[in-house]
>>> print(open('run18.pdb').read())   # PDB, C-alpha atoms
MODEL        1
ATOM      1  CA  MET A 221      42.500 155.733 241.381
ATOM      2  CA  SER A 222      44.686 154.168 238.837
ATOM      3  CA  VAL A 223      43.776 153.083 235.362
ATOM      4  CA  LEU A 224      43.998 149.417 236.396
ATOM      5  CA  GLN A 225      41.574 149.907 239.248
ATOM      6  CA  PHE A 226      39.212 151.839 237.015
ATOM      7  CA  SER A 227      39.409 149.129 234.320
ATOM      8  CA  LEU A 228      38.645 146.406 236.866
ATOM      9  CA  PHE A 229      35.762 148.429 238.303
ATOM     10  CA  PHE A 230      34.358 149.054 234.826
ATOM     11  CA  LEU A 231      34.761 145.377 233.918
ATOM     12  CA  ALA A 232      32.965 144.311 237.122
ATOM     13  CA  LEU A 233      30.199 146.802 236.339
ATOM     14  CA  LEU A 234      29.925 145.432 232.804
ATOM     15  CA  VAL A 235      29.770 141.792 234.063
ATOM     16  CA  GLY A 236      27.098 142.822 236.611
ATOM     17  CA  TYR A 237      25.067 144.466 233.851
ATOM     18  CA  VAL A 238      25.289 141.333 231.634
ATOM     19  CA  LEU A 239      24.188 139.109 234.526
ATOM     20  CA  LEU A 240      21.323 141.451 235.352
ATOM     21  CA  HIS A 241      20.275 141.545 231.701
ATOM     22  CA  LEU A 242      20.280 137.709 231.503
ATOM     23  CA  ARG A 243      18.146 137.568 234.649
ATOM     24  CA  LEU A 244      15.676 140.022 233.140
ATOM     25  CA  VAL A 245      15.463 137.970 229.926
ATOM     26  CA  ARG A 246      14.729 134.821 231.957
ATOM     27  CA  PHE A 247      12.179 136.733 234.009
ATOM     28  CA  GLU A 248      10.407 137.946 230.825
ATOM     29  CA  GLU A 249      10.265 134.354 229.527
ATOM     30  CA  HIS A 250       8.782 133.283 232.833
ATOM     31  CA  LEU A 251       6.170 136.055 232.649
ATOM     32  CA  GLN A 252       5.244 134.977 229.107
ATOM     33  CA  LYS A 253       4.668 131.436 230.413
ATOM     34  CA  LEU A 254       2.464 132.873 233.141
ATOM     35  CA  THR A 255       0.366 134.714 230.542
ATOM     36  CA  GLY A 256      -0.027 131.326 228.840
ATOM     37  CA  ILE A 257      -1.366 129.982 232.128
ATOM     38  CA  ARG A 258      -3.902 132.782 232.194
ATOM     39  CA  SER A 259      -5.093 131.795 228.710
ATOM     40  CA  ILE A 260      -5.252 128.159 229.866
ATOM     41  CA  ASP A 261      -7.321 129.291 232.826
ATOM     42  CA  ASP A 262      -9.700 131.127 230.460
ATOM     43  CA  ARG A 263      -9.951 128.021 228.283
ATOM     44  CA  LEU A 264     -10.692 125.877 231.341
ATOM     45  CA  ARG A 265     -13.477 128.256 232.356
ATOM     46  CA  GLY A 266     -14.940 127.975 228.855
ATOM     47  CA  LEU A 267     -14.658 124.188 229.013
ATOM     48  CA  ASP A 268     -16.398 124.189 232.393
ATOM     49  CA  ASP A 269     -19.258 126.256 230.935
ATOM     50  CA  ARG A 270     -19.590 123.906 227.964
ATOM     51  CA  MET A 271     -19.590 120.859 230.262
ATOM     52  CA  ARG A 272     -22.318 122.430 232.387
ATOM     53  CA  LEU A 273     -24.422 123.044 229.257
ATOM     54  CA  LEU A 274     -23.803 119.460 228.098
ATOM     55  CA  VAL A 275     -24.867 118.028 231.477
ATOM     56  CA  GLU A 276     -28.031 120.147 231.437
ATOM     57  CA  ALA A 277     -28.827 118.945 227.905
ATOM     58  CA  LEU A 278     -28.261 115.301 228.902
ATOM     59  CA  GLU A 279     -30.458 115.729 231.975
ATOM     60  CA  LYS A 280     -33.221 117.111 229.757
ATOM     61  CA  VAL A 281     -32.857 114.162 227.372
ATOM     62  CA  GLN A 282     -32.918 111.636 230.211
ATOM     63  CA  LEU A 283     -35.905 113.350 231.805
ATOM     64  CA  GLU A 284     -37.675 113.212 228.455
ATOM     65  CA  ARG A 285     -36.881 109.472 228.165
ATOM     66  CA  ILE A 286     -38.190 108.864 231.666
ATOM     67  CA  GLU A 287     -41.325 110.873 230.898
ATOM     68  CA  ARG A 288     -41.893 108.854 227.711
ATOM     69  CA  ARG A 289     -41.490 105.600 229.610
ATOM     70  CA  LEU A 290     -43.846 106.790 232.347
ATOM     71  CA  ASP A 291     -46.407 107.760 229.707
ATOM     72  CA  ARG A 292     -46.056 104.325 228.136
ATOM     73  CA  LEU A 293     -46.464 102.668 231.538
ATOM     74  CA  HIS A 294     -49.522 104.812 232.202
ATOM     75  CA  ASP A 295     -51.055 103.749 228.879
ATOM     76  CA  ASP A 296     -50.287 100.092 229.619
ATOM     77  CA  LEU A 297     -51.886 100.378 233.046
ATOM     78  CA  GLU A 298     -54.986 101.948 231.510
ATOM     79  CA  ASP A 299     -55.182  99.080 229.013
ATOM     80  CA  LEU A 300     -54.812  96.600 231.862
ATOM     81  CA  ARG A 301     -57.535  98.335 233.847
ATOM     82  CA  GLU A 302     -59.844  98.216 230.838
ATOM     83  CA  ALA A 303     -59.086  94.522 230.299
ATOM     84  CA  THR A 304     -59.707  93.659 233.941
ATOM     85  CA  GLY A 305     -62.902  95.704 233.854
ATOM     86  CA  GLU A 306     -64.086  93.638 230.903
ATOM     87  CA  VAL A 307     -63.218  90.426 232.748
ATOM     88  CA  ARG A 308     -64.962  91.682 235.888
ATOM     89  CA  SER A 309     -68.113  92.511 233.938
ATOM     90  CA  ALA A 310     -67.991  89.097 232.248
ATOM     91  CA  VAL A 311     -67.659  87.342 235.603
ATOM     92  CA  VAL A 312     -70.407  89.407 237.193
ATOM     93  CA  GLN A 313     -72.768  88.665 234.316
ATOM     94  CA  ILE A 314     -72.455  84.888 234.704
ATOM     95  CA  PRO A 315     -75.699  83.757 236.271
ATOM     96  CA  SER A 316     -75.414  81.899 239.511
ATOM     97  CA  PRO A 317     -76.733  78.319 239.513
ATOM     98  CA  ALA A 318     -79.402  79.107 242.141
ATOM     99  CA  ALA A 319     -80.798  82.005 240.116
ATOM    100  CA  ALA A 320     -80.702  80.165 236.796
ATOM    101  CA  GLY A 321     -82.670  77.049 237.652
ATOM    102  CA  ALA A 322     -85.086  75.608 240.122
ATOM    103  CA  ALA A 323     -84.796  76.277 243.785
ATOM    104  CA  VAL A 324     -83.231  72.922 244.505
ATOM    105  CA  ALA A 325     -81.176  72.982 247.662
ATOM    106  CA  LEU A 326     -77.711  71.604 247.052
ATOM    107  CA  PRO A 327     -76.002  69.744 249.870
ATOM    108  CA  ALA A 328     -73.037  71.515 251.455
ATOM    109  CA  PRO A 329     -69.830  70.380 249.768
ATOM    110  CA  ALA A 330     -67.730  68.018 251.791
ATOM    111  CA  ALA A 331     -64.249  69.066 252.745
ATOM    112  CA  ALA A 332     -61.993  68.622 249.730
ATOM    113  CA  PRO A 333     -59.416  65.859 250.133
ATOM    114  CA  TYR A 334     -55.849  66.981 250.738
ATOM    115  CA  GLY A 335     -54.753  65.721 247.301
ATOM    116  CA  ALA A 336     -57.159  68.127 245.592
ATOM    117  CA  ARG A 337     -55.815  71.002 247.685
ATOM    118  CA  VAL A 338     -52.232  70.057 246.739
ATOM    119  CA  ALA A 339     -53.226  69.940 243.063
ATOM    120  CA  ALA A 340     -54.837  73.380 243.385
ATOM    121  CA  LEU A 341     -51.720  74.753 245.116
ATOM    122  CA  VAL A 342     -49.415  73.388 242.419
ATOM    123  CA  GLU A 343     -51.647  74.647 239.627
ATOM    124  CA  GLY A 344     -51.955  78.105 241.176
ATOM    125  CA  ARG A 345     -48.199  78.465 241.707
ATOM    126  CA  LEU A 346     -47.324  77.356 238.180
ATOM    127  CA  LEU A 347     -49.920  79.710 236.705
ATOM    128  CA  GLN A 348     -48.362  82.545 238.725
ATOM    129  CA  LEU A 349     -44.981  81.677 237.222
ATOM    130  CA  GLY A 350     -46.409  81.856 233.693
ATOM    131  CA  TYR A 351     -46.782  78.178 232.920
ATOM    132  CA  GLY A 352     -49.837  76.819 231.159
ATOM    133  CA  ASN A 353     -51.271  73.564 229.784
ATOM    134  CA  LEU A 354     -50.506  71.914 233.123
ATOM    135  CA  GLN A 355     -50.604  68.137 233.609
ATOM    136  CA  ILE A 356     -50.023  66.639 237.036
ATOM    137  CA  LEU A 357     -48.384  63.215 236.636
ATOM    138  CA  THR A 358     -48.319  62.185 240.304
ATOM    139  CA  ASP A 359     -51.323  60.387 241.811
ATOM    140  CA  LEU A 360     -52.511  62.667 244.619
ATOM    141  CA  SER A 361     -55.460  60.595 245.845
ATOM    142  CA  GLU A 362     -53.607  59.029 248.786
ATOM    143  CA  VAL A 363     -51.505  62.027 249.916
ATOM    144  CA  ALA A 364     -51.211  62.631 253.655
ATOM    145  CA  ALA A 365     -51.313  66.166 255.026
ATOM    146  CA  ASP A 366     -48.416  65.688 257.418
ATOM    147  CA  ARG A 367     -45.893  64.648 254.762
ATOM    148  CA  GLU A 368     -43.809  66.375 252.154
ATOM    149  CA  VAL A 369     -45.165  65.719 248.646
ATOM    150  CA  GLU A 370     -43.157  65.787 245.439
ATOM    151  CA  VAL A 371     -45.508  66.371 242.505
ATOM    152  CA  GLN A 372     -44.267  65.497 238.998
ATOM    153  CA  VAL A 373     -45.669  67.901 236.376
ATOM    154  CA  GLU A 374     -45.559  68.655 232.658
ATOM    155  CA  CYS A 375     -46.479  72.104 231.412
ATOM    156  CA  GLU A 376     -45.672  74.771 228.813
ATOM    157  CA  ARG A 377     -44.210  78.233 228.997
ATOM    158  CA  ASN A 378     -44.031  80.417 225.889
ATOM    159  CA  ARG A 379     -45.023  77.354 223.822
ATOM    160  CA  MET A 380     -41.966  75.467 225.127
ATOM    161  CA  PRO A 381     -42.713  72.192 226.971
ATOM    162  CA  ALA A 382     -41.250  71.858 230.452
ATOM    163  CA  LYS A 383     -41.033  68.965 232.881
ATOM    164  CA  GLY A 384     -40.083  68.791 236.505
ATOM    165  CA  ARG A 385     -41.263  68.632 240.074
ATOM    166  CA  VAL A 386     -43.004  70.836 242.613
ATOM    167  CA  LEU A 387     -42.330  70.258 246.308
ATOM    168  CA  VAL A 388     -45.311  70.840 248.665
ATOM    169  CA  ARG A 389     -44.933  70.789 252.445
ATOM    170  CA  ASN A 390     -47.454  71.811 255.140
ATOM    171  CA  GLY A 391     -49.938  73.136 252.631
ATOM    172  CA  SER A 392     -47.555  75.450 250.757
ATOM    173  CA  VAL A 393     -45.276  75.216 247.752
ATOM    174  CA  ARG A 394     -41.654  75.033 248.924
ATOM    175  CA  ASP A 395     -39.741  74.458 245.698
ATOM    176  CA  VAL A 396     -40.379  74.506 241.946
ATOM    177  CA  ALA A 397     -37.803  72.748 239.770
ATOM    178  CA  LEU A 398     -38.862  72.809 236.133
ATOM    179  CA  GLN A 399     -36.675  72.398 233.097
ATOM    180  CA  THR A 400     -37.514  72.935 229.456
ATOM    181  CA  VAL A 401     -37.124  69.967 227.173
ATOM    182  CA  ALA A 402     -34.722  71.893 224.936
ATOM    183  CA  PRO A 403     -31.609  71.154 227.083
ATOM    184  CA  MET A 404     -32.736  67.526 227.288
ATOM    185  CA  PHE A 405     -32.864  67.130 223.516
ATOM    186  CA  PRO A 406     -29.581  65.826 222.039
TER     187      PRO A 406
ENDMDL
END
>>> encode(input="run18.pdb", output="structure tokens")
Amino acid sequence: MSVLQFSLFFLALLVGYVLLHLRLVRFEEHLQKLTGIRSIDDRLRGLDDRMRLLVEALEKVQLERIERRLDRLHDDLEDLREATGEVRSAVVQIPSPAAAGAAVALPAPAAAPYGARVAALVEGRLLQLGYGNLQILTDLSEVAADREVEVQVECERNRMPAKGRVLVRNGSVRDVALQTVAPMFP
């Protein structure tokens, strides 16, 4: 082997070593990035644990809110039961006309005219909807049972006057169209 061949071989060996060293440096940098991923993974696990604790705390708070609202509803229902009990006892204690006076036999009431039934239907429906101080403006004395009746009414809801109509057909309320006077006022 000549000196030239040896020099070329040594140079090729040296270039191979440099390339291998550069590869190892890049590989070490890559491994350092991977250790960073491991720390990110640990941080994500910690974040997951904290999120789980936060969700459990929020569930406890929401359950406590629901329990408070249920307790409040329970108290309101007890108050309502007491109030209806007082009304029931007041109604039961009203003496009946037969027991209060003489034993005079009253004639059986005649069948109420259809207009009175319509007025009772309208009044009942509006009371269910929360209206009070009801005034029926339509004359219901000549109302036929087989026709649709439009009843003009004035009433109040939450101390606000309202006017409108109630549509009665076949002995039942079909439509209620009431409007407060506030939008009517200029």
>>> atom_distance(input="run18.pdb", atom1="atom CA of A:Glu362", atom2="atom CA of A:Pro381")
27.7 Å
>>> residues_near_point(input="run18.pdb", point="(-53.5, 74.0, 242.0)", cutoff="12 Å", atoms="only C-alpha atoms", output="ChimeraX atom specification")
/A:334-348,352,354-356,360,371,373,386,388,391-393
>>> closest_residue(input="run18.pdb", among="A:Leu297, A:Arg272, A:Asn353, A:Asp359", to="A:Cys375", atoms="all atoms listed in the file")
A:Asn353
>>> atom_distance(input="run18.pdb", atom1="atom CA of A:Leu349", atom2="atom CA of A:Thr400")
13.9 Å
>>> atom_distance(input="run18.pdb", atom1="atom CA of A:Val238", atom2="atom CA of A:Val223")
22.2 Å
>>> resolve_selection(input="run18.pdb", expression="the PyMOL selection byres ((chain A and resi 382-385) around 9)", output="short mmCIF file (atom, residue, chain, number, x, y, z; two decimals) with C-alpha atoms, in the frame of the given file")
data_model
loop_
_atom_site.label_atom_id
_atom_site.label_comp_id
_atom_site.auth_asym_id
_atom_site.auth_seq_id
_atom_site.Cartn_x
_atom_site.Cartn_y
_atom_site.Cartn_z
CA TYR A 351 -46.78 78.18 232.92
CA GLU A 370 -43.16 65.79 245.44
CA VAL A 371 -45.51 66.37 242.50
CA GLN A 372 -44.27 65.50 239.00
CA VAL A 373 -45.67 67.90 236.38
CA GLU A 374 -45.56 68.66 232.66
CA CYS A 375 -46.48 72.10 231.41
CA GLU A 376 -45.67 74.77 228.81
CA ARG A 377 -44.21 78.23 229.00
CA MET A 380 -41.97 75.47 225.13
CA PRO A 381 -42.71 72.19 226.97
CA VAL A 386 -43.00 70.84 242.61
CA LEU A 387 -42.33 70.26 246.31
CA ASP A 395 -39.74 74.46 245.70
CA VAL A 396 -40.38 74.51 241.95
CA ALA A 397 -37.80 72.75 239.77
CA LEU A 398 -38.86 72.81 236.13
CA GLN A 399 -36.67 72.40 233.10
CA THR A 400 -37.51 72.94 229.46
CA VAL A 401 -37.12 69.97 227.17
CA ALA A 402 -34.72 71.89 224.94
#
>>> axis_aligned_box(input="run18.pdb", around="stretch 388-402 of chain A", padding_each_side="4 Å", output="AutoDock Vina command-line options")
--center_x -42.3 --center_y 72.7 --center_z 240.0 --size_x 23.2 --size_y 13.5 --size_z 38.2
>>> decode(input="run18.pdb", residues="stretch 375-388 of chain A", atoms="all heavy atoms", output="PDB file, in the first residue's frame")
ATOM      1  N   CYS A 375    -110.330  43.462  31.980  1.00  0.00           N
ATOM      2  CA  CYS A 375    -109.868  42.848  33.218  1.00  0.00           C
ATOM      3  C   CYS A 375    -108.519  43.456  33.594  1.00  0.00           C
ATOM      4  O   CYS A 375    -108.012  44.354  32.933  1.00  0.00           O
ATOM      5  CB  CYS A 375    -109.774  41.339  33.064  1.00  0.00           C
ATOM      6  SG  CYS A 375    -108.831  40.815  31.622  1.00  0.00           S
ATOM      7  N   GLU A 376    -107.934  42.940  34.669  1.00  0.00           N
ATOM      8  CA  GLU A 376    -106.623  43.407  35.136  1.00  0.00           C
ATOM      9  C   GLU A 376    -105.732  42.212  35.403  1.00  0.00           C
ATOM     10  O   GLU A 376    -106.197  41.159  35.828  1.00  0.00           O
ATOM     11  CB  GLU A 376    -106.768  44.201  36.432  1.00  0.00           C
ATOM     12  CG  GLU A 376    -107.385  45.553  36.277  1.00  0.00           C
ATOM     13  CD  GLU A 376    -107.420  46.314  37.594  1.00  0.00           C
ATOM     14  OE1 GLU A 376    -106.940  45.777  38.619  1.00  0.00           O
ATOM     15  OE2 GLU A 376    -107.938  47.430  37.593  1.00  0.00           O
ATOM     16  N   ARG A 377    -104.453  42.431  35.168  1.00  0.00           N
ATOM     17  CA  ARG A 377    -103.444  41.429  35.513  1.00  0.00           C
ATOM     18  C   ARG A 377    -102.234  42.176  36.038  1.00  0.00           C
ATOM     19  O   ARG A 377    -101.678  43.012  35.341  1.00  0.00           O
ATOM     20  CB  ARG A 377    -103.066  40.613  34.292  1.00  0.00           C
ATOM     21  CG  ARG A 377    -102.135  39.469  34.611  1.00  0.00           C
ATOM     22  CD  ARG A 377    -101.860  38.689  33.354  1.00  0.00           C
ATOM     23  NE  ARG A 377    -101.287  37.403  33.639  1.00  0.00           N
ATOM     24  CZ  ARG A 377    -100.908  36.552  32.729  1.00  0.00           C
ATOM     25  NH1 ARG A 377    -101.077  36.852  31.465  1.00  0.00           N
ATOM     26  NH2 ARG A 377    -100.384  35.404  33.058  1.00  0.00           N
ATOM     27  N   ASN A 378    -101.853  41.873  37.263  1.00  0.00           N
ATOM     28  CA  ASN A 378    -100.743  42.567  37.935  1.00  0.00           C
ATOM     29  C   ASN A 378    -100.991  44.073  37.947  1.00  0.00           C
ATOM     30  O   ASN A 378    -100.114  44.870  37.643  1.00  0.00           O
ATOM     31  CB  ASN A 378     -99.405  42.252  37.262  1.00  0.00           C
ATOM     32  CG  ASN A 378     -99.056  40.798  37.338  1.00  0.00           C
ATOM     33  OD1 ASN A 378     -99.430  40.114  38.284  1.00  0.00           O
ATOM     34  ND2 ASN A 378     -98.348  40.304  36.337  1.00  0.00           N
ATOM     35  N   ARG A 379    -102.213  44.456  38.263  1.00  0.00           N
ATOM     36  CA  ARG A 379    -102.659  45.853  38.346  1.00  0.00           C
ATOM     37  C   ARG A 379    -102.538  46.602  37.022  1.00  0.00           C
ATOM     38  O   ARG A 379    -102.498  47.813  36.992  1.00  0.00           O
ATOM     39  CB  ARG A 379    -101.902  46.596  39.448  1.00  0.00           C
ATOM     40  CG  ARG A 379    -102.266  46.101  40.813  1.00  0.00           C
ATOM     41  CD  ARG A 379    -101.603  46.956  41.869  1.00  0.00           C
ATOM     42  NE  ARG A 379    -101.041  46.049  42.848  1.00  0.00           N
ATOM     43  CZ  ARG A 379     -99.789  46.036  43.227  1.00  0.00           C
ATOM     44  NH1 ARG A 379     -98.950  46.897  42.768  1.00  0.00           N
ATOM     45  NH2 ARG A 379     -99.367  45.172  44.109  1.00  0.00           N
ATOM     46  N   MET A 380    -102.459  45.888  35.914  1.00  0.00           N
ATOM     47  CA  MET A 380    -102.386  46.498  34.589  1.00  0.00           C
ATOM     48  C   MET A 380    -103.676  46.165  33.845  1.00  0.00           C
ATOM     49  O   MET A 380    -103.983  44.987  33.645  1.00  0.00           O
ATOM     50  CB  MET A 380    -101.190  45.947  33.811  1.00  0.00           C
ATOM     51  CG  MET A 380    -101.063  46.499  32.411  1.00  0.00           C
ATOM     52  SD  MET A 380    -100.705  48.236  32.316  1.00  0.00           S
ATOM     53  CE  MET A 380     -99.015  48.257  32.810  1.00  0.00           C
ATOM     54  N   PRO A 381    -104.462  47.177  33.454  1.00  0.00           N
ATOM     55  CA  PRO A 381    -105.718  46.904  32.739  1.00  0.00           C
ATOM     56  C   PRO A 381    -105.448  46.238  31.390  1.00  0.00           C
ATOM     57  O   PRO A 381    -104.464  46.527  30.716  1.00  0.00           O
ATOM     58  CB  PRO A 381    -106.326  48.284  32.536  1.00  0.00           C
ATOM     59  CG  PRO A 381    -105.564  49.211  33.406  1.00  0.00           C
ATOM     60  CD  PRO A 381    -104.251  48.591  33.697  1.00  0.00           C
ATOM     61  N   ALA A 382    -106.357  45.340  31.024  1.00  0.00           N
ATOM     62  CA  ALA A 382    -106.257  44.643  29.745  1.00  0.00           C
ATOM     63  C   ALA A 382    -107.645  44.592  29.127  1.00  0.00           C
ATOM     64  O   ALA A 382    -108.656  44.529  29.823  1.00  0.00           O
ATOM     65  CB  ALA A 382    -105.709  43.246  29.939  1.00  0.00           C
ATOM     66  N   LYS A 383    -107.663  44.612  27.807  1.00  0.00           N
ATOM     67  CA  LYS A 383    -108.920  44.530  27.059  1.00  0.00           C
ATOM     68  C   LYS A 383    -108.722  43.509  25.962  1.00  0.00           C
ATOM     69  O   LYS A 383    -107.619  43.290  25.488  1.00  0.00           O
ATOM     70  CB  LYS A 383    -109.278  45.874  26.431  1.00  0.00           C
ATOM     71  CG  LYS A 383    -109.589  46.962  27.415  1.00  0.00           C
ATOM     72  CD  LYS A 383    -109.964  48.236  26.692  1.00  0.00           C
ATOM     73  CE  LYS A 383    -110.301  49.319  27.700  1.00  0.00           C
ATOM     74  NZ  LYS A 383    -110.750  50.546  27.044  1.00  0.00           N
ATOM     75  N   GLY A 384    -109.850  42.917  25.538  1.00  0.00           N
ATOM     76  CA  GLY A 384    -109.743  41.973  24.441  1.00  0.00           C
ATOM     77  C   GLY A 384    -110.992  41.145  24.290  1.00  0.00           C
ATOM     78  O   GLY A 384    -112.071  41.534  24.723  1.00  0.00           O
ATOM     79  N   ARG A 385    -110.795  39.952  23.703  1.00  0.00           N
ATOM     80  CA  ARG A 385    -111.930  39.083  23.427  1.00  0.00           C
ATOM     81  C   ARG A 385    -111.580  37.656  23.828  1.00  0.00           C
ATOM     82  O   ARG A 385    -110.415  37.254  23.862  1.00  0.00           O
ATOM     83  CB  ARG A 385    -112.303  39.137  21.959  1.00  0.00           C
ATOM     84  CG  ARG A 385    -111.217  38.573  21.057  1.00  0.00           C
ATOM     85  CD  ARG A 385    -111.704  38.435  19.631  1.00  0.00           C
ATOM     86  NE  ARG A 385    -110.649  37.925  18.788  1.00  0.00           N
ATOM     87  CZ  ARG A 385    -110.270  36.658  18.704  1.00  0.00           C
ATOM     88  NH1 ARG A 385    -110.855  35.748  19.417  1.00  0.00           N
ATOM     89  NH2 ARG A 385    -109.292  36.291  17.903  1.00  0.00           N
ATOM     90  N   VAL A 386    -112.655  36.905  24.110  1.00  0.00           N
ATOM     91  CA  VAL A 386    -112.542  35.477  24.405  1.00  0.00           C
ATOM     92  C   VAL A 386    -113.516  34.777  23.467  1.00  0.00           C
ATOM     93  O   VAL A 386    -114.686  35.138  23.402  1.00  0.00           O
ATOM     94  CB  VAL A 386    -112.890  35.175  25.882  1.00  0.00           C
ATOM     95  CG1 VAL A 386    -112.826  33.691  26.139  1.00  0.00           C
ATOM     96  CG2 VAL A 386    -111.958  35.931  26.810  1.00  0.00           C
ATOM     97  N   LEU A 387    -113.027  33.773  22.745  1.00  0.00           N
ATOM     98  CA  LEU A 387    -113.838  33.061  21.774  1.00  0.00           C
ATOM     99  C   LEU A 387    -114.319  31.756  22.406  1.00  0.00           C
ATOM    100  O   LEU A 387    -113.511  30.946  22.872  1.00  0.00           O
ATOM    101  CB  LEU A 387    -113.014  32.775  20.524  1.00  0.00           C
ATOM    102  CG  LEU A 387    -113.739  32.234  19.318  1.00  0.00           C
ATOM    103  CD1 LEU A 387    -114.729  33.265  18.802  1.00  0.00           C
ATOM    104  CD2 LEU A 387    -112.746  31.892  18.229  1.00  0.00           C
ATOM    105  N   VAL A 388    -115.669  31.558  22.445  1.00  0.00           N
ATOM    106  CA  VAL A 388    -116.268  30.360  23.033  1.00  0.00           C
ATOM    107  C   VAL A 388    -117.029  29.635  21.938  1.00  0.00           C
ATOM    108  O   VAL A 388    -117.829  30.232  21.220  1.00  0.00           O
ATOM    109  CB  VAL A 388    -117.226  30.739  24.190  1.00  0.00           C
ATOM    110  CG1 VAL A 388    -117.878  29.500  24.759  1.00  0.00           C
ATOM    111  CG2 VAL A 388    -116.484  31.497  25.264  1.00  0.00           C
TER     112      VAL A 388
END
